[in-house]
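S.K.: Got a structure for you, upload32.pdb, holding PDB, C-alpha atoms, pLDDT in the B column.
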ATOM      1  CA  MET F  36     -24.468  -3.023 -14.228  1.00 91.00           C
ATOM      2  CA  HIS F  37     -20.948  -3.391 -12.846  1.00 95.00           C
ATOM      3  CA  THR F  38     -17.837  -2.174 -14.631  1.00 96.00           C
ATOM      4  CA  LEU F  39     -14.527  -3.642 -13.529  1.00 97.00           C
ATOM      5  CA  CYS F  40     -11.022  -2.966 -14.814  1.00 96.00           C
ATOM      6  CA  VAL F  41      -8.149  -5.419 -14.589  1.00 97.00           C
ATOM      7  CA  VAL F  42      -5.103  -3.266 -14.020  1.00 93.00           C
ATOM      8  CA  ASN F  43      -1.408  -3.352 -13.156  1.00 91.00           C
ATOM      9  CA  GLN F  44       1.227  -1.182 -14.807  1.00 84.00           C
ATOM     10  CA  LYS F  45       3.701  -4.042 -14.392  1.00 83.00           C
ATOM     11  CA  GLY F  46       3.701  -6.149 -17.554  1.00 84.00           C
ATOM     12  CA  GLY F  47       3.571  -9.919 -17.653  1.00 84.00           C
ATOM     13  CA  VAL F  48       1.343 -10.391 -14.607  1.00 89.00           C
ATOM     14  CA  GLY F  49      -1.479 -12.103 -16.512  1.00 92.00           C
ATOM     15  CA  LYS F  50      -4.021  -9.289 -16.865  1.00 94.00           C
ATOM     16  CA  THR F  51      -5.303 -10.630 -20.161  1.00 96.00           C
ATOM     17  CA  THR F  52      -5.692 -14.267 -19.098  1.00 96.00           C
ATOM     18  CA  THR F  53      -7.445 -13.018 -15.970  1.00 97.00           C
ATOM     19  CA  THR F  54      -9.839 -10.901 -18.056  1.00 98.00           C
ATOM     20  CA  ILE F  55     -10.577 -13.761 -20.466  1.00 98.00           C
ATOM     21  CA  ASN F  56     -11.240 -16.393 -17.831  1.00 98.00           C
ATOM     22  CA  LEU F  57     -12.997 -14.172 -15.301  1.00 98.00           C
ATOM     23  CA  GLY F  58     -15.243 -13.024 -18.152  1.00 98.00           C
ATOM     24  CA  ALA F  59     -15.938 -16.622 -19.145  1.00 98.00           C
ATOM     25  CA  ALA F  60     -16.673 -17.585 -15.535  1.00 98.00           C
ATOM     26  CA  LEU F  61     -19.150 -14.714 -15.153  1.00 98.00           C
ATOM     27  CA  ALA F  62     -20.813 -15.581 -18.472  1.00 98.00           C
ATOM     28  CA  ASN F  63     -21.136 -19.229 -17.436  1.00 97.00           C
ATOM     29  CA  LYS F  64     -23.249 -18.026 -14.513  1.00 96.00           C
ATOM     30  CA  GLY F  65     -25.795 -16.752 -17.007  1.00 96.00           C
ATOM     31  CA  LEU F  66     -24.672 -13.134 -16.833  1.00 97.00           C
ATOM     32  CA  ASN F  67     -24.481 -10.845 -19.858  1.00 97.00           C
ATOM     33  CA  VAL F  68     -20.760 -10.005 -20.076  1.00 98.00           C
ATOM     34  CA  LEU F  69     -18.878  -7.501 -22.234  1.00 98.00           C
ATOM     35  CA  LEU F  70     -15.085  -7.380 -22.325  1.00 98.00           C
ATOM     36  CA  ILE F  71     -13.231  -4.275 -23.555  1.00 98.00           C
ATOM     37  CA  ASP F  72      -9.666  -4.547 -24.854  1.00 98.00           C
ATOM     38  CA  LEU F  73      -8.108  -1.201 -23.965  1.00 97.00           C
ATOM     39  CA  ASP F  74      -4.539  -2.421 -24.447  1.00 96.00           C
ATOM     40  CA  PRO F  75      -2.964  -1.153 -27.704  1.00 95.00           C
ATOM     41  CA  GLN F  76      -1.128  -4.481 -27.966  1.00 95.00           C
ATOM     42  CA  GLY F  77      -4.469  -6.227 -28.480  1.00 96.00           C
ATOM     43  CA  HIS F  78      -3.695  -9.363 -26.469  1.00 95.00           C
ATOM     44  CA  LEU F  79      -7.305  -9.805 -25.361  1.00 97.00           C
ATOM     45  CA  THR F  80      -8.482  -9.486 -28.956  1.00 97.00           C
ATOM     46  CA  GLU F  81      -5.916 -12.063 -30.047  1.00 95.00           C
ATOM     47  CA  GLY F  82      -6.770 -14.254 -27.071  1.00 96.00           C
ATOM     48  CA  PHE F  83     -10.275 -14.688 -28.471  1.00 96.00           C
ATOM     49  CA  GLY F  84      -9.036 -15.438 -31.978  1.00 94.00           C
ATOM     50  CA  VAL F  85     -10.409 -12.322 -33.688  1.00 95.00           C
ATOM     51  CA  HIS F  86      -7.044 -11.018 -34.921  1.00 90.00           C
ATOM     52  CA  GLU F  87      -8.597  -9.455 -38.028  1.00 93.00           C
ATOM     53  CA  GLU F  88     -10.431  -6.880 -35.891  1.00 94.00           C
ATOM     54  CA  TYR F  89      -7.099  -5.445 -34.724  1.00 94.00           C
ATOM     55  CA  THR F  90      -6.211  -4.013 -38.135  1.00 94.00           C
ATOM     56  CA  LYS F  91      -9.688  -3.779 -39.653  1.00 91.00           C
ATOM     57  CA  ASP F  92     -10.310  -0.652 -41.718  1.00 90.00           C
ATOM     58  CA  SER F  93     -13.499   0.434 -39.986  1.00 87.00           C
ATOM     59  CA  THR F  94     -14.698   2.436 -36.988  1.00 89.00           C
ATOM     60  CA  ASN F  95     -12.724   1.324 -33.938  1.00 92.00           C
ATOM     61  CA  ILE F  96     -12.309   2.106 -30.256  1.00 95.00           C
ATOM     62  CA  TYR F  97      -9.459   4.554 -30.876  1.00 93.00           C
ATOM     63  CA  GLU F  98     -11.677   6.734 -33.066  1.00 91.00           C
ATOM     64  CA  LEU F  99     -14.463   6.769 -30.492  1.00 93.00           C
ATOM     65  CA  LEU F 100     -12.125   7.671 -27.652  1.00 92.00           C
ATOM     66  CA  SER F 101     -10.174  10.361 -29.473  1.00 86.00           C
ATOM     67  CA  SER F 102     -13.010  12.217 -31.192  1.00 79.00           C
ATOM     68  CA  GLU F 103     -16.527  13.378 -30.609  1.00 61.00           C
ATOM     69  CA  SER F 104     -17.848  10.650 -32.904  1.00 63.00           C
ATOM     70  CA  LYS F 105     -21.582  10.005 -32.718  1.00 66.00           C
ATOM     71  CA  GLU F 106     -20.980   6.278 -33.259  1.00 74.00           C
ATOM     72  CA  ASN F 107     -22.195   4.108 -30.381  1.00 87.00           C
ATOM     73  CA  LEU F 108     -19.798   1.796 -28.559  1.00 92.00           C
ATOM     74  CA  SER F 109     -22.228  -1.074 -29.188  1.00 92.00           C
ATOM     75  CA  ALA F 110     -21.399  -0.894 -32.899  1.00 92.00           C
ATOM     76  CA  LEU F 111     -17.931  -2.300 -32.145  1.00 95.00           C
ATOM     77  CA  VAL F 112     -19.141  -5.429 -30.340  1.00 96.00           C
ATOM     78  CA  VAL F 113     -18.186  -8.867 -31.675  1.00 97.00           C
ATOM     79  CA  ASN F 114     -19.424 -12.185 -30.260  1.00 96.00           C
ATOM     80  CA  VAL F 115     -16.835 -14.553 -28.798  1.00 96.00           C
ATOM     81  CA  GLU F 116     -17.706 -17.797 -27.004  1.00 94.00           C
ATOM     82  CA  ASN F 117     -20.695 -16.975 -24.753  1.00 94.00           C
ATOM     83  CA  LEU F 118     -19.853 -13.326 -24.238  1.00 96.00           C
ATOM     84  CA  LYS F 119     -19.162 -10.096 -26.123  1.00 97.00           C
ATOM     85  CA  LEU F 120     -15.943  -8.248 -26.895  1.00 98.00           C
ATOM     86  CA  ILE F 121     -14.992  -4.751 -27.985  1.00 97.00           C
ATOM     87  CA  PRO F 122     -11.656  -5.351 -29.716  1.00 97.00           C
ATOM     88  CA  SER F 123      -8.515  -3.277 -29.502  1.00 97.00           C
ATOM     89  CA  HIS F 124      -7.098  -1.671 -32.640  1.00 96.00           C
ATOM     90  CA  ILE F 125      -3.563  -0.939 -33.764  1.00 95.00           C
ATOM     91  CA  ARG F 126      -4.371   2.779 -33.852  1.00 93.00           C
ATOM     92  CA  LEU F 127      -4.901   2.695 -30.083  1.00 93.00           C
ATOM     93  CA  PHE F 128      -1.121   3.177 -29.830  1.00 93.00           C
ATOM     94  CA  LEU F 129      -1.858   6.809 -30.793  1.00 91.00           C
ATOM     95  CA  ALA F 130      -4.319   7.329 -27.958  1.00 89.00           C
ATOM     96  CA  GLU F 131      -1.938   8.473 -25.223  1.00 84.00           C
ATOM     97  CA  GLN F 132      -0.627  11.274 -27.430  1.00 85.00           C
ATOM     98  CA  SER F 133      -3.964  12.293 -28.914  1.00 83.00           C
ATOM     99  CA  LEU F 134      -5.737  12.352 -25.537  1.00 82.00           C
ATOM    100  CA  ALA F 135      -2.942  14.215 -23.739  1.00 75.00           C
ATOM    101  CA  THR F 136      -4.113  17.674 -24.794  1.00 76.00           C
ATOM    102  CA  GLN F 137      -7.851  17.050 -24.709  1.00 76.00           C
ATOM    103  CA  ARG F 138     -10.064  18.394 -21.964  1.00 74.00           C
ATOM    104  CA  GLY F 139     -11.827  15.751 -19.902  1.00 76.00           C
ATOM    105  CA  ARG F 140      -9.658  13.023 -21.412  1.00 81.00           C
ATOM    106  CA  GLU F 141     -10.194  10.679 -18.430  1.00 82.00           C
ATOM    107  CA  LEU F 142     -13.968  10.792 -18.961  1.00 87.00           C
ATOM    108  CA  ARG F 143     -14.142   9.560 -22.556  1.00 90.00           C
ATOM    109  CA  LEU F 144     -14.654   5.846 -21.942  1.00 94.00           C
ATOM    110  CA  LYS F 145     -17.269   6.374 -19.241  1.00 94.00           C
ATOM    111  CA  ARG F 146     -19.291   8.603 -21.558  1.00 91.00           C
ATOM    112  CA  LEU F 147     -19.146   5.918 -24.248  1.00 93.00           C
ATOM    113  CA  ILE F 148     -20.280   3.229 -21.803  1.00 95.00           C
ATOM    114  CA  ASP F 149     -23.063   5.449 -20.446  1.00 93.00           C
ATOM    115  CA  GLY F 150     -24.238   5.983 -24.023  1.00 91.00           C
ATOM    116  CA  MET F 151     -24.726   2.276 -24.750  1.00 92.00           C
ATOM    117  CA  PRO F 152     -28.437   1.538 -25.259  1.00 90.00           C
ATOM    118  CA  ASN F 153     -28.342  -2.057 -23.989  1.00 88.00           C
ATOM    119  CA  LYS F 154     -26.002  -2.360 -21.064  1.00 92.00           C
ATOM    120  CA  PRO F 155     -24.634  -5.751 -19.979  1.00 96.00           C
ATOM    121  CA  ASP F 156     -24.610  -7.093 -16.431  1.00 97.00           C
ATOM    122  CA  TRP F 157     -20.813  -6.872 -16.291  1.00 98.00           C
ATOM    123  CA  ILE F 158     -18.167  -4.988 -18.239  1.00 98.00           C
ATOM    124  CA  VAL F 159     -14.562  -6.096 -17.698  1.00 98.00           C
ATOM    125  CA  ILE F 160     -11.788  -3.892 -19.115  1.00 98.00           C
ATOM    126  CA  ASP F 161      -8.300  -5.188 -19.905  1.00 97.00           C
ATOM    127  CA  CYS F 162      -5.860  -2.314 -19.319  1.00 95.00           C
ATOM    128  CA  PRO F 163      -2.445  -1.616 -20.868  1.00 92.00           C
ATOM    129  CA  PRO F 164       0.700  -2.326 -18.817  1.00 88.00           C
ATOM    130  CA  SER F 165       1.284   1.356 -18.099  1.00 84.00           C
ATOM    131  CA  LEU F 166      -0.103   4.325 -16.206  1.00 82.00           C
ATOM    132  CA  GLY F 167      -1.511   6.922 -18.579  1.00 88.00           C
ATOM    133  CA  ALA F 168      -4.669   8.232 -20.217  1.00 89.00           C
ATOM    134  CA  LEU F 169      -6.011   4.808 -21.224  1.00 93.00           C
ATOM    135  CA  THR F 170      -5.594   3.323 -17.755  1.00 91.00           C
ATOM    136  CA  ASP F 171      -7.070   6.475 -16.200  1.00 90.00           C
ATOM    137  CA  ASN F 172     -10.067   6.129 -18.520  1.00 92.00           C
ATOM    138  CA  ALA F 173     -10.552   2.519 -17.460  1.00 94.00           C
ATOM    139  CA  ILE F 174     -10.297   3.280 -13.733  1.00 92.00           C
ATOM    140  CA  TYR F 175     -12.628   6.283 -13.965  1.00 92.00           C
ATOM    141  CA  ALA F 176     -15.179   4.362 -16.056  1.00 94.00           C
ATOM    142  CA  SER F 177     -15.197   1.353 -13.770  1.00 94.00           C
ATOM    143  CA  ARG F 178     -14.603   2.626 -10.209  1.00 92.00           C
ATOM    144  CA  GLU F 179     -14.087  -1.090  -9.425  1.00 95.00           C
ATOM    145  CA  VAL F 180     -10.601  -2.552  -9.803  1.00 95.00           C
ATOM    146  CA  LEU F 181      -9.044  -6.017  -9.825  1.00 96.00           C
ATOM    147  CA  ILE F 182      -5.251  -6.151  -9.561  1.00 94.00           C
ATOM    148  CA  PRO F 183      -3.442  -9.330 -10.660  1.00 94.00           C
ATOM    149  CA  VAL F 184       0.087  -9.667  -9.282  1.00 91.00           C
ATOM    150  CA  GLN F 185       2.869 -12.206  -9.495  1.00 87.00           C
ATOM    151  CA  ALA F 186       4.381 -13.590  -6.313  1.00 82.00           C
ATOM    152  CA  GLU F 187       7.687 -11.779  -6.849  1.00 81.00           C
ATOM    153  CA  ASP F 188       9.696  -9.286  -4.782  1.00 77.00           C
ATOM    154  CA  THR F 189       8.997  -6.472  -7.268  1.00 78.00           C
ATOM    155  CA  SER F 190       5.232  -6.892  -7.052  1.00 78.00           C
ATOM    156  CA  ILE F 191       4.769  -5.032  -3.776  1.00 78.00           C
ATOM    157  CA  ARG F 192       6.635  -1.944  -5.028  1.00 80.00           C
ATOM    158  CA  ALA F 193       4.628  -1.948  -8.269  1.00 80.00           C
ATOM    159  CA  LEU F 194       1.452  -2.219  -6.201  1.00 84.00           C
ATOM    160  CA  GLU F 195       2.426   0.806  -4.143  1.00 85.00           C
ATOM    161  CA  ILE F 196       2.889   2.868  -7.312  1.00 86.00           C
ATOM    162  CA  LEU F 197      -0.492   1.750  -8.683  1.00 85.00           C
ATOM    163  CA  LEU F 198      -2.302   2.463  -5.411  1.00 88.00           C
ATOM    164  CA  ASP F 199      -0.751   5.947  -5.347  1.00 88.00           C
ATOM    165  CA  GLN F 200      -1.982   6.513  -8.919  1.00 84.00           C
ATOM    166  CA  ILE F 201      -5.505   5.420  -7.986  1.00 87.00           C
ATOM    167  CA  GLN F 202      -5.481   7.747  -4.984  1.00 89.00           C
ATOM    168  CA  SER F 203      -4.294  10.666  -7.147  1.00 88.00           C
ATOM    169  CA  LEU F 204      -7.059   9.980  -9.657  1.00 84.00           C
ATOM    170  CA  GLU F 205      -9.650   9.889  -6.882  1.00 88.00           C
ATOM    171  CA  GLN F 206      -8.497  13.265  -5.590  1.00 89.00           C
ATOM    172  CA  ALA F 207      -8.206  14.893  -9.021  1.00 84.00           C
ATOM    173  CA  LEU F 208     -11.612  13.757 -10.285  1.00 82.00           C
ATOM    174  CA  GLY F 209     -13.540  13.556  -7.026  1.00 86.00           C
ATOM    175  CA  VAL F 210     -14.447   9.883  -7.320  1.00 88.00           C
ATOM    176  CA  LYS F 211     -14.115   6.835  -5.101  1.00 92.00           C
ATOM    177  CA  VAL F 212     -12.426   3.764  -6.590  1.00 92.00           C
ATOM    178  CA  LYS F 213     -13.185   0.415  -4.986  1.00 93.00           C
ATOM    179  CA  ILE F 214     -10.410  -2.178  -5.136  1.00 93.00           C
ATOM    180  CA  LEU F 215     -12.269  -5.484  -5.268  1.00 94.00           C
ATOM    181  CA  GLY F 216      -9.133  -7.482  -4.634  1.00 94.00           C
ATOM    182  CA  ILE F 217      -5.540  -8.336  -5.388  1.00 93.00           C
ATOM    183  CA  LEU F 218      -5.205 -11.625  -7.247  1.00 95.00           C
ATOM    184  CA  PRO F 219      -1.997 -13.659  -6.886  1.00 93.00           C
ATOM    185  CA  ASN F 220      -1.500 -14.908 -10.442  1.00 91.00           C
ATOM    186  CA  MET F 221       0.837 -17.255 -12.316  1.00 89.00           C
ATOM    187  CA  VAL F 222       1.983 -18.574  -8.939  1.00 89.00           C
ATOM    188  CA  GLU F 223       4.759 -21.168  -8.877  1.00 87.00           C
ATOM    189  CA  ASP F 224       5.513 -23.659  -6.114  1.00 85.00           C
ATOM    190  CA  THR F 225       8.682 -22.000  -4.805  1.00 88.00           C
ATOM    191  CA  LYS F 226       9.848 -20.674  -1.440  1.00 88.00           C
ATOM    192  CA  LEU F 227       9.961 -17.136  -2.876  1.00 85.00           C
ATOM    193  CA  SER F 228       6.375 -17.323  -4.092  1.00 87.00           C
ATOM    194  CA  LYS F 229       5.153 -18.619  -0.744  1.00 87.00           C
ATOM    195  CA  SER F 230       7.044 -15.885   1.110  1.00 88.00           C
ATOM    196  CA  VAL F 231       5.670 -13.105  -1.126  1.00 84.00           C
ATOM    197  CA  LEU F 232       2.123 -14.460  -0.781  1.00 88.00           C
ATOM    198  CA  VAL F 233       2.415 -14.332   3.004  1.00 88.00           C
ATOM    199  CA  SER F 234       3.691 -10.733   2.813  1.00 85.00           C
ATOM    200  CA  LEU F 235       0.940  -9.668   0.390  1.00 84.00           C
ATOM    201  CA  ARG F 236      -1.843 -11.085   2.520  1.00 88.00           C
ATOM    202  CA  LYS F 237      -0.373  -9.549   5.651  1.00 84.00           C
ATOM    203  CA  LEU F 238       0.171  -6.074   4.167  1.00 80.00           C
ATOM    204  CA  LEU F 239      -2.984  -6.015   2.036  1.00 85.00           C
ATOM    205  CA  PRO F 240      -5.866  -8.046   3.508  1.00 86.00           C
ATOM    206  CA  ILE F 241      -7.885  -7.485   0.301  1.00 89.00           C
ATOM    207  CA  THR F 242      -5.586 -10.040  -1.362  1.00 90.00           C
ATOM    208  CA  PHE F 243      -7.682 -13.096  -2.250  1.00 93.00           C
ATOM    209  CA  PRO F 244      -7.125 -16.187  -0.059  1.00 92.00           C
ATOM    210  CA  PHE F 245      -6.620 -18.300  -3.200  1.00 94.00           C
ATOM    211  CA  GLU F 246      -4.329 -17.960  -6.195  1.00 93.00           C
ATOM    212  CA  ILE F 247      -4.118 -18.790  -9.897  1.00 95.00           C
ATOM    213  CA  ARG F 248      -1.352 -21.307 -10.426  1.00 93.00           C
ATOM    214  CA  LYS F 249       0.986 -21.105 -13.405  1.00 92.00           C
ATOM    215  CA  ARG F 250      -0.225 -23.525 -16.080  1.00 93.00           C
ATOM    216  CA  VAL F 251       1.003 -24.107 -19.637  1.00 94.00           C
ATOM    217  CA  LYS F 252      -2.614 -24.797 -20.639  1.00 95.00           C
ATOM    218  CA  LEU F 253      -3.461 -21.126 -20.107  1.00 95.00           C
ATOM    219  CA  LYS F 254      -0.921 -20.081 -22.739  1.00 94.00           C
ATOM    220  CA  GLU F 255      -2.124 -22.824 -25.058  1.00 96.00           C
ATOM    221  CA  ALA F 256      -5.738 -21.675 -24.651  1.00 96.00           C
ATOM    222  CA  TRP F 257      -4.785 -18.058 -25.420  1.00 95.00           C
ATOM    223  CA  ALA F 258      -2.844 -19.159 -28.526  1.00 94.00           C
ATOM    224  CA  CYS F 259      -5.920 -21.057 -29.705  1.00 96.00           C
ATOM    225  CA  GLY F 260      -8.191 -18.047 -29.125  1.00 96.00           C
ATOM    226  CA  GLN F 261     -10.166 -19.665 -26.309  1.00 97.00           C
ATOM    227  CA  SER F 262     -10.813 -19.398 -22.599  1.00 97.00           C
ATOM    228  CA  ILE F 263      -9.566 -22.240 -20.412  1.00 97.00           C
ATOM    229  CA  PHE F 264     -13.239 -23.197 -19.950  1.00 97.00           C
ATOM    230  CA  ARG F 265     -13.530 -24.066 -23.626  1.00 97.00           C
ATOM    231  CA  TYR F 266      -9.974 -25.230 -24.280  1.00 97.00           C
ATOM    232  CA  ASP F 267      -9.609 -27.585 -21.306  1.00 97.00           C
ATOM    233  CA  PRO F 268     -12.914 -28.180 -19.451  1.00 96.00           C
ATOM    234  CA  GLY F 269     -11.128 -30.495 -17.011  1.00 96.00           C
ATOM    235  CA  SER F 270      -8.525 -27.924 -15.939  1.00 96.00           C
ATOM    236  CA  ASP F 271      -7.894 -27.583 -12.201  1.00 96.00           C
ATOM    237  CA  LEU F 272      -8.016 -23.794 -12.717  1.00 97.00           C
ATOM    238  CA  ILE F 273     -11.703 -23.724 -13.632  1.00 97.00           C
ATOM    239  CA  PRO F 274     -12.953 -24.084 -10.020  1.00 97.00           C
ATOM    240  CA  VAL F 275     -10.552 -21.294  -9.025  1.00 97.00           C
ATOM    241  CA  TYR F 276     -11.816 -18.927 -11.727  1.00 98.00           C
ATOM    242  CA  ASN F 277     -15.380 -19.763 -10.667  1.00 98.00           C
ATOM    243  CA  MET F 278     -14.389 -18.952  -7.087  1.00 97.00           C
ATOM    244  CA  LEU F 279     -12.893 -15.659  -8.304  1.00 97.00           C
ATOM    245  CA  ALA F 280     -16.116 -14.779 -10.141  1.00 98.00           C
ATOM    246  CA  ASP F 281     -18.207 -15.562  -7.046  1.00 97.00           C
ATOM    247  CA  GLU F 282     -15.947 -13.457  -4.828  1.00 96.00           C
ATOM    248  CA  ILE F 283     -15.905 -10.551  -7.307  1.00 97.00           C
ATOM    249  CA  ILE F 284     -19.707 -10.519  -7.416  1.00 96.00           C
ATOM    250  CA  LYS F 285     -19.908 -10.663  -3.626  1.00 95.00           C
ATOM    251  CA  ARG F 286     -17.379  -7.871  -3.072  1.00 94.00           C
ATOM    252  CA  ALA F 287     -18.921  -5.647  -5.753  1.00 93.00           C
ATOM    253  CA  GLU F 288     -22.321  -5.858  -4.074  1.00 88.00           C
ATOM    254  CA  ARG F 289     -21.064  -4.908  -0.604  1.00 82.00           C
TER     255      ARG F 289
END
Reformat the file's structure so that it appears as structure tokens.
M.R.:
Amino acid sequence: MHTLCVVNQKGGVGKTTTTINLGAALANKGLNVLLIDLDPQGHLTEGFGVHEEYTKDSTNIYELLSSESKENLSALVVNVENLKLIPSHIRLFLAEQSLATQRGRELRLKRLIDGMPNKPDWIVIDCPPSLGALTDNAIYASREVLIPVQAEDTSIRALEILLDQIQSLEQALGVKVKILGILPNMVEDTKLSKSVLVSLRKLLPITFPFEIRKRVKLKEAWACGQSIFRYDPGSDLIPVYNMLADEIIKRAER
């Protein structure tokens, strides 16, 4: 089993669309895939059209993270397309505060994943656009990280902050976090974008040699609660997401 988190504290870089479509690409390869929406905003949950789960009055991921509940994480799973999802919940907004004073707060999600009786081939976690207890939980639980970035001047500085946070977490908890790659995302055909891409690939060779282009169809697919694979099977992005899935698998197995 591999656990991967999609992380960047900078908002609007396309973490959720990356999680949705990477997950769909992995599932289309015949792999058993589970996605976890760890963002209190619930964009991944909404992006699969299961909005009702976000406010449902039942056991949810916030309760499992913030208490010593005996409930198994598998009980939260819902089926979406050809994969599985653990939805976010509105109460997850309380998690940063409730976890702040708890011992071993960074370990909660990993313990829940370890306690699942039937583990999938891949778990992909969509993180909130911030650095805090939820993101720390995702990084610690996964130890494998994918970082989507936009080809903008501010991206490199945001990356530096995130890499420092990962290094601090490694030192504090005595773990090694493997960055599987930096994914240029929502890329536009401008001189600025091209210049930033050159800088990224020069400074950070783990940046993928391909990029996800900005497409209106991605937003339309999310609004319809579908991956691009289901919403627009002829999209020029599908081969790129398949390439991303292949590269992720290859890098994870090194």
S.K.: In Å to one decimal, how far is CA of Val42 in chain F from CA of Val212 in chain F?
M.R.: 12.6 Å
S.K.: Could you tell me how far CA of Ala173 in chain F lies from CA of Met221 in chain F, in Å and to one decimal?
M.R.: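 Distance between the two atoms: 23.4 Å.
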S.K.: Do a neighbour search on range 90-107 of chain F at 9 Å with only C-alpha atoms, toss out local chain neighbours closer than 5 positions, and write the hits as JSON, numbers by chain.
M.R.: {"F": [72, 73, 121, 122, 123, 124, 125, 126, 127, 128, 129, 130, 133, 134, 137, 140, 143, 144, 147, 148, 150, 151, 152]}
S.K.: For Asn56 in chain F, work out the shell of residues within 9 Å, counting only C-alpha atoms and skipping chain neighbours fewer than 5 positions away, then give it as a ChimeraX atom specification.
M.R.: /F:51,61,262-264,273,276-277
S.K.: Taking all atoms of range 63-76 of chain F that the file lists, what box with edges along x, y and z, padded by 3 Å per side, do you get, with centre and edge lengths in Å to one decimal, as JSON?
M.R.:
{"center_x": -13.5, "center_y": -10.2, "center_z": -21.2, "size_x": 30.7, "size_y": 24.1, "size_z": 19.5}
S.K.: Any idea what the distance is between CA of Glu288 in chain F and CA of Lys145 in chain F?
M.R.: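 Taking CA of Glu288 in chain F as the start and CA of Lys145 in chain F as the end point, the length is 20.1 Å.
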S.K.: Decode the PyMOL selection byres ((chain F and resi 45) around 10) for the given file into explicit residues and return them as a PyMOL selection string.
M.R.: chain F and resi 42-44+46-50+163-166+183-185+189-190+193-194+196-197
S.K.: Which is closest to Val112 in chain F among F:Leu79, F:Ala287, F:Ala135, F:Ile71, if we use all atoms listed in the file?
M.R.: F:Ile71
S.K.: Would you translate the PyMOL selection byres ((chain F and resi 39) around 6) into the concrete set of residues it matches in this file, as number ranges by chain?
M.R.: F: 38, 40, 159, 177, 179-180
S.K.: With distances taken over only C-alpha atoms, which of F:Ala258, F:Leu235, F:Ile284, F:Ile182 is nearest to Thr53 in chain F?
M.R.: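 That would be F:Ile182, the residue with the smallest distance to Thr53 in chain F.
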S.K.: My list of candidates is F:Pro274, F:Arg289, F:Thr225, F:Ser230. Which is closest to Lys213 in chain F when distances are computed with only C-alpha atoms?
M.R.: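 Answer, going by the shortest atom-to-atom distance: F:Arg289.
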S.K.: List, as an mmCIF file with C-alpha atoms, in the coordinates of the input, every residue that the PyMOL selection byres ((chain F and resi 245) around 8) selects in the file provided.
M.R.:
data_model
loop_
_atom_site.group_PDB
_atom_site.id
_atom_site.type_symbol
_atom_site.label_atom_id
_atom_site.label_comp_id
_atom_site.auth_asym_id
_atom_site.auth_seq_id
_atom_site.Cartn_x
_atom_site.Cartn_y
_atom_site.Cartn_z
ATOM 1 C CA LEU F 218 -5.205 -11.625 -7.247
ATOM 2 C CA PRO F 219 -1.997 -13.659 -6.886
ATOM 3 C CA PHE F 243 -7.682 -13.096 -2.250
ATOM 4 C CA PRO F 244 -7.125 -16.187 -0.059
ATOM 5 C CA GLU F 246 -4.329 -17.960 -6.195
ATOM 6 C CA ILE F 247 -4.118 -18.790 -9.897
ATOM 7 C CA VAL F 275 -10.552 -21.294 -9.025
#
S.K.: Between F:Ala280, F:Leu57, F:Leu66, F:Leu239, which is the closest to Glu195 in chain F once you count only C-alpha atoms?
M.R.: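 Ranked by minimum distance to Glu195 in chain F, first place goes to F:Leu239.
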